[in-house]
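File shown: upload_6.csv (CSV, C-alpha atoms and all ligand atoms).
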```csv
chain,number,residue,atom,x,y,z
I,382,MET,CA,22.3,35.1,-13.1
I,383,SER,CA,25.5,33.8,-14.6
I,384,ILE,CA,25.9,33.2,-18.3
I,385,ILE,CA,26.0,29.6,-19.4
I,386,LYS,CA,28.2,28.7,-22.3
I,387,VAL,CA,28.2,25.2,-23.8
I,388,ASN,CA,30.9,23.9,-26.0
I,389,GLN,CA,28.5,22.6,-28.8
I,390,GLU,CA,31.2,21.0,-30.9
I,391,ARG,CA,32.6,19.1,-28.0
I,392,LEU,CA,29.1,18.0,-26.9
I,393,ILE,CA,28.2,16.7,-30.4
I,394,ASN,CA,31.5,14.9,-30.7
I,395,GLU,CA,31.0,13.3,-27.4
I,396,PHE,CA,27.6,12.2,-28.3
I,397,LEU,CA,28.8,10.8,-31.7
I,398,GLU,CA,31.6,8.9,-30.0
I,399,LEU,CA,29.2,7.3,-27.4
I,400,VAL,CA,26.6,6.2,-29.9
I,401,LYS,CA,29.3,4.4,-31.9
I,402,VAL,CA,30.1,2.2,-28.9
I,403,ASP,CA,27.8,-0.9,-29.1
I,404,SER,CA,25.8,-1.3,-25.9
I,405,GLU,CA,22.7,-3.3,-26.4
I,406,THR,CA,21.2,-4.2,-23.1
I,407,LYS,CA,23.1,-7.0,-21.4
I,408,GLU,CA,26.2,-6.0,-23.5
I,409,GLU,CA,27.3,-3.0,-21.5
I,410,ALA,CA,30.9,-4.0,-20.8
I,411,ASN,CA,32.6,-1.8,-23.4
I,412,ILE,CA,30.5,1.3,-22.8
I,413,ALA,CA,30.8,0.9,-19.0
I,414,LYS,CA,34.6,0.7,-19.2
I,415,ILE,CA,34.7,3.9,-21.4
I,416,LEU,CA,32.4,5.8,-19.2
I,417,HIS,CA,34.2,4.7,-16.0
I,418,GLN,CA,37.4,6.2,-17.6
I,419,LYS,CA,35.7,9.4,-18.8
I,420,PHE,CA,34.1,10.2,-15.5
I,421,SER,CA,37.4,9.4,-13.7
I,422,GLU,CA,39.4,11.6,-16.0
I,423,LEU,CA,37.1,14.5,-15.2
I,424,GLY,CA,38.1,14.1,-11.5
I,425,LEU,CA,35.0,12.2,-10.2
I,426,GLU,CA,35.2,9.3,-7.9
I,427,VAL,CA,33.6,6.4,-9.8
I,428,ILE,CA,32.1,3.6,-7.7
I,429,GLU,CA,30.8,0.4,-9.2
I,430,ASP,CA,28.1,-1.6,-7.4
I,431,ASN,CA,27.7,-5.3,-8.0
I,432,ALA,CA,24.7,-5.1,-10.4
I,433,LYS,CA,26.6,-7.2,-12.9
I,434,ASN,CA,26.4,-10.3,-10.7
I,435,LYS,CA,22.9,-9.6,-9.5
I,436,THR,CA,21.4,-9.0,-12.9
I,437,GLU,CA,23.6,-10.9,-15.4
I,438,HIS,CA,24.0,-7.7,-17.4
I,439,GLY,CA,27.3,-6.8,-19.0
I,440,ALA,CA,28.5,-4.3,-16.4
I,441,ASN,CA,27.8,-2.7,-13.0
I,442,ASN,CA,26.0,0.6,-12.5
I,443,LEU,CA,28.4,3.5,-12.2
I,444,ILE,CA,27.9,5.9,-9.4
I,445,CYS,CA,30.1,9.0,-10.2
I,446,ASN,CA,30.6,11.4,-7.3
I,447,LEU,CA,31.4,15.1,-8.0
I,448,LYS,CA,32.5,16.7,-4.7
I,449,GLY,CA,30.9,20.1,-4.3
I,450,ASN,CA,32.8,23.4,-3.7
I,451,LYS,CA,29.9,24.9,-1.9
I,452,HIS,CA,27.4,23.7,0.7
I,453,ALA,CA,24.1,22.9,-1.1
I,454,ASP,CA,21.5,20.2,-1.3
I,455,PRO,CA,23.1,17.0,-2.6
I,456,ILE,CA,21.5,16.1,-5.9
I,457,PHE,CA,21.8,13.5,-8.6
I,458,PHE,CA,21.3,13.0,-12.3
I,459,THR,CA,20.8,9.6,-13.9
I,460,ALA,CA,20.9,8.3,-17.5
I,461,HIS,CA,21.3,4.7,-18.8
I,462,MET,CA,24.1,3.3,-20.8
I,463,ASP,CA,22.3,0.4,-22.5
I,464,THR,CA,20.2,0.6,-25.7
I,465,VAL,CA,17.6,-1.5,-27.4
I,466,THR,CA,18.2,-3.5,-30.6
I,467,PRO,CA,19.3,-3.1,-33.4
I,468,GLY,CA,22.0,-1.2,-31.8
I,469,LYS,CA,25.2,-2.6,-33.2
I,470,ASN,CA,27.6,-0.8,-35.6
I,471,ILE,CA,25.6,2.5,-35.4
I,472,LYS,CA,26.8,5.0,-38.0
I,473,PRO,CA,25.5,8.4,-36.9
I,474,LYS,CA,25.2,11.3,-39.4
I,475,ILE,CA,24.0,14.9,-39.2
I,476,VAL,CA,21.3,15.9,-41.6
I,477,ASN,CA,19.8,19.4,-41.3
I,478,GLU,CA,20.9,19.7,-37.7
I,479,TYR,CA,19.4,16.4,-36.7
I,480,ILE,CA,21.6,13.5,-35.7
I,481,GLN,CA,20.3,10.2,-37.0
I,482,SER,CA,21.5,6.7,-37.8
I,483,ASP,CA,22.0,5.4,-41.3
I,484,GLY,CA,18.6,3.8,-41.1
I,485,THR,CA,19.7,0.3,-40.4
I,486,THR,CA,20.0,0.7,-36.6
I,487,ILE,CA,18.6,2.8,-33.8
I,488,LEU,CA,20.6,5.9,-33.0
I,489,GLY,CA,20.9,5.4,-29.3
I,490,ALA,CA,20.1,9.0,-28.3
I,491,ASP,CA,18.0,7.1,-25.8
I,492,ASP,CA,20.0,7.5,-23.6
I,493,LYS,CA,23.5,8.4,-24.8
I,494,ALA,CA,22.2,11.9,-25.3
I,495,GLY,CA,21.6,12.1,-21.5
I,496,ILE,CA,25.1,10.8,-20.9
I,497,ALA,CA,26.8,13.2,-23.4
I,498,VAL,CA,25.0,16.1,-21.8
I,499,LEU,CA,26.1,15.1,-18.3
I,500,LEU,CA,29.8,14.8,-19.4
I,501,GLU,CA,29.5,18.3,-21.0
I,502,VAL,CA,27.9,19.6,-17.8
I,503,ILE,CA,30.8,18.5,-15.7
I,504,GLN,CA,33.3,20.1,-18.0
I,505,VAL,CA,31.5,23.4,-18.0
I,506,LEU,CA,31.2,23.4,-14.2
I,507,LYS,CA,35.0,23.0,-14.0
I,508,GLU,CA,36.1,25.3,-16.8
I,509,GLN,CA,33.8,28.2,-15.8
I,510,ASN,CA,34.5,27.9,-12.0
I,511,LYS,CA,30.8,27.4,-11.2
I,512,GLU,CA,29.6,26.9,-7.6
I,513,TYR,CA,27.9,23.6,-6.9
I,514,GLY,CA,27.1,21.2,-4.1
I,515,ASP,CA,27.8,17.5,-4.1
I,516,ILE,CA,26.4,15.9,-7.2
I,517,GLN,CA,26.1,12.2,-8.1
I,518,PHE,CA,25.9,11.0,-11.7
I,519,VAL,CA,24.3,7.6,-11.8
I,520,ILE,CA,24.8,5.7,-15.0
I,521,THR,CA,22.7,2.5,-15.1
I,522,VAL,CA,22.8,-0.7,-17.0
I,523,GLY,CA,19.7,-2.7,-18.1
I,524,GLU,CA,17.2,0.1,-18.2
I,525,GLU,CA,15.8,-1.3,-21.4
I,526,SER,CA,15.4,-4.8,-19.9
I,527,GLY,CA,12.9,-3.9,-17.2
I,528,LEU,CA,14.9,-1.3,-15.3
I,529,ALA,CA,17.1,-4.1,-14.1
I,530,GLY,CA,20.2,-2.0,-13.2
I,531,ALA,CA,18.3,0.6,-11.2
I,532,LYS,CA,16.4,-2.2,-9.4
I,533,ALA,CA,19.7,-3.9,-8.5
I,534,ILE,CA,21.6,-0.7,-7.5
I,535,ASP,CA,23.2,-0.6,-4.1
I,536,HIS,CA,21.2,2.3,-2.9
I,537,SER,CA,23.3,2.8,0.2
I,538,LEU,CA,25.7,4.5,-2.3
I,539,LEU,CA,23.1,7.1,-3.2
I,540,HIS,CA,23.3,10.3,-1.1
I,541,ALA,CA,21.2,12.8,-3.0
I,542,SER,CA,18.2,14.6,-1.5
I,543,TYR,CA,16.4,14.6,-4.9
I,544,GLY,CA,17.3,14.5,-8.6
I,545,TYR,CA,16.5,14.0,-12.2
I,546,ALA,CA,16.5,11.3,-14.8
I,547,LEU,CA,17.4,12.5,-18.3
I,548,ASP,CA,15.3,10.0,-20.2
I,549,SER,CA,12.0,11.1,-21.6
I,550,ASP,CA,11.0,12.1,-25.1
I,551,GLY,CA,9.5,15.4,-26.0
I,552,PRO,CA,11.1,18.9,-26.2
I,553,VAL,CA,13.7,19.8,-23.6
I,554,GLY,CA,12.1,21.7,-20.8
I,555,ASN,CA,9.2,19.3,-20.3
I,556,ILE,CA,9.2,17.4,-17.0
I,557,VAL,CA,7.5,14.1,-16.3
I,558,ILE,CA,6.2,14.3,-12.7
I,559,GLU,CA,3.9,11.3,-12.6
I,560,ALA,CA,4.4,7.7,-13.7
I,561,PRO,CA,2.3,4.6,-13.0
I,562,TYR,CA,2.9,1.6,-10.8
I,563,GLN,CA,3.0,-1.6,-12.8
I,564,SER,CA,2.3,-5.2,-11.9
I,565,LYS,CA,2.3,-8.3,-14.0
I,566,ILE,CA,-0.1,-11.2,-13.3
I,567,PHE,CA,1.1,-14.7,-14.3
I,568,THR,CA,-1.8,-17.1,-14.4
I,569,LYS,CA,-1.9,-20.9,-15.0
I,570,VAL,CA,-5.3,-22.4,-15.6
I,571,TYR,CA,-5.7,-26.2,-15.2
I,572,GLY,CA,-8.6,-28.1,-16.6
I,573,LYS,CA,-8.9,-31.8,-17.5
I,574,SER,CA,-8.1,-33.4,-20.8
I,575,ALA,CA,-10.5,-35.8,-22.6
I,576,HIS,CA,-11.1,-36.9,-26.2
I,577,ALA,CA,-13.0,-34.0,-27.7
I,578,GLY,CA,-14.9,-36.2,-30.1
I,579,VAL,CA,-15.6,-39.3,-28.0
I,580,ALA,CA,-16.1,-37.9,-24.5
I,581,PRO,CA,-16.0,-34.1,-24.3
I,582,GLU,CA,-18.2,-34.1,-21.1
I,583,LYS,CA,-15.3,-35.8,-19.3
I,584,GLY,CA,-13.0,-32.9,-19.9
I,585,ILE,CA,-12.7,-29.4,-18.6
I,586,SER,CA,-11.4,-27.0,-21.2
I,587,ALA,CA,-8.8,-24.7,-19.6
I,588,ILE,CA,-9.2,-22.5,-22.7
I,589,THR,CA,-13.0,-22.1,-22.1
I,590,VAL,CA,-12.5,-21.5,-18.4
I,591,ALA,CA,-9.9,-18.8,-19.0
I,592,ALA,CA,-12.0,-17.2,-21.7
I,593,LYS,CA,-15.0,-17.0,-19.4
I,594,ALA,CA,-12.9,-15.5,-16.7
I,595,ILE,CA,-11.4,-12.9,-19.0
I,596,ALA,CA,-14.8,-12.0,-20.4
I,597,LYS,CA,-15.8,-11.1,-16.9
I,598,MET,CA,-12.9,-8.8,-16.3
I,599,ASN,CA,-12.7,-5.0,-16.6
I,600,LEU,CA,-9.8,-4.5,-19.0
I,601,GLY,CA,-8.4,-1.7,-21.2
I,602,ARG,CA,-8.7,1.8,-19.8
I,603,ILE,CA,-10.3,1.4,-16.4
I,604,ASP,CA,-10.2,5.1,-15.4
I,605,GLU,CA,-8.0,8.0,-16.4
I,606,GLU,CA,-5.1,6.7,-14.3
I,607,THR,CA,-5.6,3.0,-14.5
I,608,THR,CA,-5.2,0.4,-17.3
I,609,ALA,CA,-5.2,-3.4,-17.5
I,610,ASN,CA,-4.4,-5.7,-20.4
I,611,ILE,CA,-4.1,-9.4,-21.2
I,612,GLY,CA,-0.8,-9.6,-23.1
I,613,TYR,CA,-0.3,-13.2,-23.6
I,614,PHE,CA,-2.4,-16.3,-23.9
I,615,LYS,CA,-1.0,-19.8,-24.7
I,616,GLY,CA,-2.7,-23.2,-24.6
I,617,GLY,CA,-3.4,-26.4,-26.5
I,618,LYS,CA,-1.8,-27.7,-29.6
I,619,GLU,CA,-2.5,-26.7,-33.2
I,620,THR,CA,-2.4,-30.4,-34.2
I,621,GLN,CA,-4.7,-31.6,-31.4
I,622,THR,CA,-8.1,-30.2,-32.0
I,623,ASN,CA,-9.4,-33.6,-30.8
I,624,VAL,CA,-8.2,-33.0,-27.3
I,625,VAL,CA,-9.9,-30.9,-24.6
I,626,CYS,CA,-7.2,-28.6,-23.6
I,627,ASP,CA,-6.2,-29.0,-19.9
I,628,TYR,CA,-3.7,-26.1,-19.5
I,629,VAL,CA,-3.3,-22.5,-20.4
I,630,GLU,CA,-0.9,-19.7,-19.4
I,631,ILE,CA,-1.9,-16.1,-19.4
I,632,VAL,CA,0.3,-13.1,-18.7
I,633,SER,CA,-1.5,-9.8,-18.0
I,634,GLU,CA,-0.4,-6.4,-16.7
I,635,ALA,CA,-2.0,-3.5,-14.9
I,636,ARG,CA,-0.9,0.0,-14.3
I,637,SER,CA,-2.1,2.9,-12.2
I,638,LEU,CA,-0.9,6.1,-10.8
I,639,LYS,CA,-2.5,5.0,-7.5
I,640,LYS,CA,-1.1,2.0,-5.7
I,641,GLU,CA,-4.5,1.1,-4.2
I,642,LYS,CA,-6.2,1.1,-7.6
I,643,LEU,CA,-3.5,-1.1,-9.0
I,644,MET,CA,-4.1,-3.6,-6.2
I,645,ASP,CA,-7.8,-3.5,-6.8
I,646,VAL,CA,-7.3,-4.4,-10.4
I,647,THR,CA,-4.7,-7.1,-9.8
I,648,ASN,CA,-6.8,-8.6,-7.1
I,649,ASN,CA,-9.8,-8.6,-9.3
I,650,ILE,CA,-7.9,-10.4,-12.1
I,651,GLN,CA,-6.7,-13.0,-9.6
I,652,THR,CA,-10.0,-13.7,-7.9
I,653,THR,CA,-11.8,-13.8,-11.2
I,654,PHE,CA,-9.5,-16.5,-12.6
I,655,GLU,CA,-9.7,-18.5,-9.3
I,656,GLN,CA,-13.4,-18.3,-8.9
I,657,VAL,CA,-14.3,-19.0,-12.5
I,658,ALA,CA,-11.9,-21.9,-12.7
I,659,SER,CA,-13.3,-23.4,-9.6
I,660,LYS,CA,-16.9,-22.9,-10.7
I,661,TYR,CA,-16.2,-25.1,-13.8
I,662,GLY,CA,-14.2,-27.7,-11.9
I,663,GLY,CA,-10.7,-26.4,-12.8
I,664,ARG,CA,-8.1,-24.6,-10.9
I,665,ALA,CA,-6.1,-21.4,-11.4
I,666,GLU,CA,-2.7,-20.5,-9.9
I,667,VAL,CA,-2.0,-16.8,-10.0
I,668,GLU,CA,1.2,-15.0,-9.2
I,669,ILE,CA,1.3,-11.2,-9.0
I,670,LYS,CA,4.7,-9.5,-9.5
I,671,GLU,CA,5.3,-5.8,-8.9
I,672,MET,CA,7.4,-4.6,-11.8
I,673,TYR,CA,8.1,-1.0,-10.6
I,674,PRO,CA,6.6,1.5,-8.2
I,675,GLY,CA,5.0,4.7,-9.5
I,676,PHE,CA,5.4,8.3,-8.5
I,677,GLN,CA,3.3,11.4,-8.3
I,678,HIS,CA,5.1,14.7,-7.6
I,679,LYS,CA,3.1,17.8,-6.9
I,680,LYS,CA,3.6,21.1,-8.8
I,681,ASP,CA,5.0,22.8,-5.8
I,682,ASP,CA,7.4,20.0,-4.8
I,683,PRO,CA,11.0,21.3,-4.9
I,684,VAL,CA,12.1,18.8,-7.4
I,685,VAL,CA,9.5,20.1,-9.8
I,686,GLN,CA,9.7,23.8,-9.0
I,687,ILE,CA,13.5,23.9,-9.5
I,688,ALA,CA,13.4,22.3,-12.9
I,689,GLN,CA,10.4,24.4,-14.0
I,690,HIS,CA,12.0,27.5,-12.8
I,691,ALA,CA,15.3,26.7,-14.7
I,692,ALA,CA,13.4,25.9,-17.9
I,693,LYS,CA,11.5,29.2,-17.6
I,694,LYS,CA,14.7,31.2,-17.3
I,695,LEU,CA,16.0,29.5,-20.4
I,696,GLU,CA,12.7,30.2,-22.1
I,697,LEU,CA,12.1,26.5,-22.8
I,698,PRO,CA,8.7,24.8,-22.8
I,699,ARG,CA,8.0,23.5,-19.3
I,700,GLN,CA,4.9,21.3,-19.4
I,701,LEU,CA,4.4,19.0,-16.5
I,702,LEU,CA,3.6,15.5,-17.8
I,703,LYS,CA,2.2,12.2,-16.9
I,704,SER,CA,4.0,9.1,-18.3
I,705,GLY,CA,2.2,6.0,-19.2
I,706,GLY,CA,5.2,3.8,-18.5
I,707,GLY,CA,8.1,3.2,-16.3
I,708,SER,CA,11.7,4.5,-16.3
I,709,ASP,CA,14.6,4.4,-13.9
I,710,ALA,CA,13.0,7.5,-12.3
I,711,ASN,CA,10.3,5.1,-10.9
I,712,ILE,CA,12.9,3.0,-9.2
I,713,PHE,CA,14.8,6.0,-7.6
I,714,ASN,CA,11.5,7.4,-6.4
I,715,GLY,CA,10.8,4.0,-4.9
I,716,TYR,CA,14.1,4.4,-2.9
I,717,GLY,CA,12.6,7.5,-1.4
I,718,ILE,CA,14.7,10.0,-3.5
I,719,PRO,CA,12.2,12.3,-5.3
I,720,THR,CA,13.1,12.1,-9.0
I,721,ALA,CA,11.6,13.8,-11.9
I,722,ASN,CA,12.2,12.7,-15.5
I,723,LEU,CA,13.5,15.5,-17.9
I,724,ALA,CA,12.7,15.4,-21.6
I,725,VAL,CA,15.8,14.9,-23.7
I,726,GLY,CA,14.4,15.8,-27.1
I,727,TYR,CA,15.0,12.5,-28.8
I,728,GLU,CA,12.4,11.3,-31.3
I,729,TYR,CA,11.1,8.0,-32.6
I,730,ILE,CA,13.1,6.1,-30.0
I,731,HIS,CA,13.3,2.3,-30.3
I,732,THR,CA,13.1,2.6,-34.1
I,733,THR,CA,15.6,3.0,-36.9
I,734,LYS,CA,14.2,6.5,-37.5
I,735,GLU,CA,15.4,7.6,-34.0
I,736,ARG,CA,16.9,11.1,-34.1
I,737,ILE,CA,17.7,14.2,-32.0
I,738,HIS,CA,18.1,17.8,-33.0
I,739,ILE,CA,21.4,19.4,-32.0
I,740,ASP,CA,19.6,22.3,-30.2
I,741,HIS,CA,18.1,19.7,-27.8
I,742,LEU,CA,21.5,18.5,-26.8
I,743,CYS,CA,22.6,22.1,-26.1
I,744,ASN,CA,19.4,23.1,-24.3
I,745,LEU,CA,19.5,20.1,-22.1
I,746,THR,CA,23.0,20.9,-21.1
I,747,LYS,CA,22.0,24.4,-20.2
I,748,LEU,CA,19.0,23.2,-18.3
I,749,VAL,CA,21.0,20.8,-16.2
I,750,LEU,CA,23.6,23.6,-15.5
I,751,ARG,CA,20.8,26.0,-14.6
I,752,ILE,CA,19.3,23.5,-12.2
I,753,ILE,CA,22.7,23.0,-10.5
I,754,ASP,CA,23.2,26.7,-10.3
I,755,ASP,CA,19.8,27.2,-8.8
I,756,VAL,CA,20.3,24.5,-6.2
I,757,ALA,CA,23.6,26.0,-5.2
I,758,ALA,CA,22.0,29.4,-4.8
I,759,LEU,CA,19.1,28.1,-2.6
I,801,ZN,ZN,15.7,5.5,-22.2
```
Would you mind writing the structure in this file as structure tokens?
Amino acid sequence: MSIIKVNQERLINEFLELVKVDSETKEEANIAKILHQKFSELGLEVIEDNAKNKTEHGANNLICNLKGNKHADPIFFTAHMDTVTPGKNIKPKIVNEYIQSDGTTILGADDKAGIAVLLEVIQVLKEQNKEYGDIQFVITVGEESGLAGAKAIDHSLLHASYGYALDSDGPVGNIVIEAPYQSKIFTKVYGKSAHAGVAPEKGISAITVAAKAIAKMNLGRIDEETTANIGYFKGGKETQTNVVCDYVEIVSEARSLKKEKLMDVTNNIQTTFEQVASKYGGRAEVEIKEMYPGFQHKKDDPVVQIAQHAAKKLELPRQLLKSGGGSDANIFNGYGIPTANLAVGYEYIHTTKERIHIDHLCNLTKLVLRIIDDVAAL
């Protein structure tokens, strides 16, 4: 087993430099340009797809190809370049070995930590003459706006047999091996307006119809791997209590680790709206949109085994976890490339308290290097 040495100072500086570049989702132009240059300067072939046109985000996805020096399974790693808001003018500082913002913005460790780690990995591979197969580093735009970049990626450019997203919270070493499918259900309920004081019997209240339908639905936690929620309900006018409301819009979502269960839940929501509306003389229009596919890897799948084994050798925690939400890993799995999501160690993401401990940056770099090493030795 070869020894892994990480240049901690270089890694931290890289991370600090990246978080200082504003890159709120849809405004990825600057960070993309900088990353294109960084990966190119390290000797990788950097290919841009046309995600910018397809998604109206600020830049294309970057597919950075590192040619191997040994025959091995081609693998890939992915991280995203965009951040949530407030992500402008980030001023990182180090307090007790934690890197954090000044409290007025997010930090952007989600997911600049992943990118900084990958850049350090490439440098270590080259400096220490490591053996490795072909590796793709896929840096996406628009992860925070509904996985838009990964969804739009030209996946004919992806050649990996399997790989890893660096984009989960929790201590480095933990591995997300399951994540749900998610669908959204957009519903319009039509009733009939009438004067609520003079002739309410002539009207059909879309609000009442929708409420009766919702009351019949099985929502919340449906079983241990399935959930459903009404997230949005809009209808009527505050100033018109004298009008029977003839139109409401409802947006709901459902998630499940099992595709069949997700379909059962969304179909149930759809037919309940339709049947109840029709029973009361109204009408419902329902549209179901699949937001992202789910994935479920088994403990003994190679993509899981390799990461767990690498974490074990580094004496890191190595819990196998279920995610309640989607990440770019969902989309890559949907393309048929088994992808697990590795914990990065960032905390309180999407808040101004976001932070990451320096040890996590170093450990994640070692973990990725160990995975590459193990794949090359297979
Ligand atoms: Zn993220």
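Pocket residues of ligand ZN 801 (chain I), taken as those with any atom at most 7 Å away using only C-alpha atoms and all ligand atoms, are His461, Asp491, Asp492, Glu524, Glu525, Asp548 and Ser549 of chain I.
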* To do: Compile the contact shell of stretch 497-501 of chain I as a PyMOL selection string: residues with an atom at most 10 Å away, counting all atoms listed in the file, same-chain residues fewer than 4 positions apart removed.
  => chain I and resi 387-389+391-400+416+419-420+423+458-460+490+492-493+505-506+518+547+725+741-750
Suppose we keep C-alpha atoms; can you now write the selection as a PDB file, in the coordinates of the input?
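Generated output (out-v9.pdb):
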```pdb
ATOM      1  CA  VAL I 387      28.200  25.200 -23.800  1.00  0.00           C
ATOM      2  CA  ASN I 388      30.900  23.900 -26.000  1.00  0.00           C
ATOM      3  CA  GLN I 389      28.500  22.600 -28.800  1.00  0.00           C
ATOM      4  CA  ARG I 391      32.600  19.100 -28.000  1.00  0.00           C
ATOM      5  CA  LEU I 392      29.100  18.000 -26.900  1.00  0.00           C
ATOM      6  CA  ILE I 393      28.200  16.700 -30.400  1.00  0.00           C
ATOM      7  CA  ASN I 394      31.500  14.900 -30.700  1.00  0.00           C
ATOM      8  CA  GLU I 395      31.000  13.300 -27.400  1.00  0.00           C
ATOM      9  CA  PHE I 396      27.600  12.200 -28.300  1.00  0.00           C
ATOM     10  CA  LEU I 397      28.800  10.800 -31.700  1.00  0.00           C
ATOM     11  CA  GLU I 398      31.600   8.900 -30.000  1.00  0.00           C
ATOM     12  CA  LEU I 399      29.200   7.300 -27.400  1.00  0.00           C
ATOM     13  CA  VAL I 400      26.600   6.200 -29.900  1.00  0.00           C
ATOM     14  CA  LEU I 416      32.400   5.800 -19.200  1.00  0.00           C
ATOM     15  CA  LYS I 419      35.700   9.400 -18.800  1.00  0.00           C
ATOM     16  CA  PHE I 420      34.100  10.200 -15.500  1.00  0.00           C
ATOM     17  CA  LEU I 423      37.100  14.500 -15.200  1.00  0.00           C
ATOM     18  CA  PHE I 458      21.300  13.000 -12.300  1.00  0.00           C
ATOM     19  CA  THR I 459      20.800   9.600 -13.900  1.00  0.00           C
ATOM     20  CA  ALA I 460      20.900   8.300 -17.500  1.00  0.00           C
ATOM     21  CA  ALA I 490      20.100   9.000 -28.300  1.00  0.00           C
ATOM     22  CA  ASP I 492      20.000   7.500 -23.600  1.00  0.00           C
ATOM     23  CA  LYS I 493      23.500   8.400 -24.800  1.00  0.00           C
ATOM     24  CA  VAL I 505      31.500  23.400 -18.000  1.00  0.00           C
ATOM     25  CA  LEU I 506      31.200  23.400 -14.200  1.00  0.00           C
ATOM     26  CA  PHE I 518      25.900  11.000 -11.700  1.00  0.00           C
ATOM     27  CA  LEU I 547      17.400  12.500 -18.300  1.00  0.00           C
ATOM     28  CA  VAL I 725      15.800  14.900 -23.700  1.00  0.00           C
ATOM     29  CA  HIS I 741      18.100  19.700 -27.800  1.00  0.00           C
ATOM     30  CA  LEU I 742      21.500  18.500 -26.800  1.00  0.00           C
ATOM     31  CA  CYS I 743      22.600  22.100 -26.100  1.00  0.00           C
ATOM     32  CA  ASN I 744      19.400  23.100 -24.300  1.00  0.00           C
ATOM     33  CA  LEU I 745      19.500  20.100 -22.100  1.00  0.00           C
ATOM     34  CA  THR I 746      23.000  20.900 -21.100  1.00  0.00           C
ATOM     35  CA  LYS I 747      22.000  24.400 -20.200  1.00  0.00           C
ATOM     36  CA  LEU I 748      19.000  23.200 -18.300  1.00  0.00           C
ATOM     37  CA  VAL I 749      21.000  20.800 -16.200  1.00  0.00           C
ATOM     38  CA  LEU I 750      23.600  23.600 -15.500  1.00  0.00           C
TER      39      LEU I 750
END
```
* Shell around stretch 579-584 of chain I at 10 Å using all atoms listed in the file, local window under 3 positions removed, as number ranges by chain -> I: 572-576, 587, 623-627, 662-663
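Across the structure, atom CA of I:His417 and atom CA of I:Asn431 are spaced 14.4 Å apart.
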Please provide the set of residues having any atom within 12 Å of I:Gln656, restricted to all atoms listed in the file, with same-chain residues fewer than 4 positions apart removed, written as a PDB file with C-alpha atoms, keeping the file's coordinate frame.
```pdb
ATOM      1  CA  VAL I 570      -5.300 -22.400 -15.600  1.00  0.00           C
ATOM      2  CA  VAL I 590     -12.500 -21.500 -18.400  1.00  0.00           C
ATOM      3  CA  ALA I 591      -9.900 -18.800 -19.000  1.00  0.00           C
ATOM      4  CA  LYS I 593     -15.000 -17.000 -19.400  1.00  0.00           C
ATOM      5  CA  ALA I 594     -12.900 -15.500 -16.700  1.00  0.00           C
ATOM      6  CA  ILE I 595     -11.400 -12.900 -19.000  1.00  0.00           C
ATOM      7  CA  LYS I 597     -15.800 -11.100 -16.900  1.00  0.00           C
ATOM      8  CA  ASN I 648      -6.800  -8.600  -7.100  1.00  0.00           C
ATOM      9  CA  ASN I 649      -9.800  -8.600  -9.300  1.00  0.00           C
ATOM     10  CA  ILE I 650      -7.900 -10.400 -12.100  1.00  0.00           C
ATOM     11  CA  GLN I 651      -6.700 -13.000  -9.600  1.00  0.00           C
ATOM     12  CA  THR I 652     -10.000 -13.700  -7.900  1.00  0.00           C
ATOM     13  CA  LYS I 660     -16.900 -22.900 -10.700  1.00  0.00           C
ATOM     14  CA  TYR I 661     -16.200 -25.100 -13.800  1.00  0.00           C
ATOM     15  CA  GLY I 662     -14.200 -27.700 -11.900  1.00  0.00           C
ATOM     16  CA  GLY I 663     -10.700 -26.400 -12.800  1.00  0.00           C
ATOM     17  CA  ARG I 664      -8.100 -24.600 -10.900  1.00  0.00           C
ATOM     18  CA  ALA I 665      -6.100 -21.400 -11.400  1.00  0.00           C
ATOM     19  CA  GLU I 666      -2.700 -20.500  -9.900  1.00  0.00           C
ATOM     20  CA  VAL I 667      -2.000 -16.800 -10.000  1.00  0.00           C
TER      21      VAL I 667
END
```
* **10 Å contact set for I:Ile516, all atoms listed in the file, chain neighbours under 4 positions out, as an NGL selection string** => :I and (425 or 445-449 or 453-458 or 503 or 540-541 or 544 or 753)
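With atom CA of I:Gly705 on one side and atom CA of I:His438 on the other, the separation reads 25.8 Å.
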* Of the listed residues I:Asn555, I:Thr720, I:Ile428, I:Asn711, that which approaches I:Ala691 most closely, counting all atoms listed in the file -> I:Asn555
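The smallest atom-to-atom distance between I:Ala635 and any of I:Ile566, I:Leu702, I:Ala688, I:Leu697, using all atoms listed in the file, is found for I:Ile566.
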* Any idea what's packed within 12 Å of I:Glu429, counting only C-alpha atoms, ignoring anything in its chain fewer than 5 positions away? Could you give it as an MDAnalysis selection string? -> chainID I and resid 413:414 416:417 434 440:446 518:522 530 533:536 538:539
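Closest approach to I:Ile611 from the set I:Ile631, I:Ile384, I:Leu643, I:Ala592 is made by I:Ile631, with distances taken over only C-alpha atoms.
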* **Atom pair atom CA of I:Arg636 / atom CA of I:Gly726: separation (Å)** => 25.4 Å
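Comparing I:Ile487, I:Ala609, I:Ile385, I:Ala432 by their smallest distance to I:Asp403, the closest is I:Ile487 (using only C-alpha atoms).
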Draw an axis-aligned box over all listed atoms of stretch 728-731 of chain I, pad each side with 5 Å, and write its centre and edge lengths in Å, one decimal, as AutoDock Vina command-line options.
```
--center_x 12.2 --center_y 6.8 --center_z -31.3 --size_x 12.2 --size_y 19.0 --size_z 12.6
```
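Using only C-alpha atoms, the shortest contact distance between I:Thr608 and any of I:Ser633, I:Gln621, I:Thr568, I:Ser586 is found at I:Ser633.
Residue nearest I:Gly484 within the list I:Ile471, I:Val684, I:Ile496, I:Ile588: I:Ile471 [criterion: smallest interatomic distance, all atoms listed in the file].
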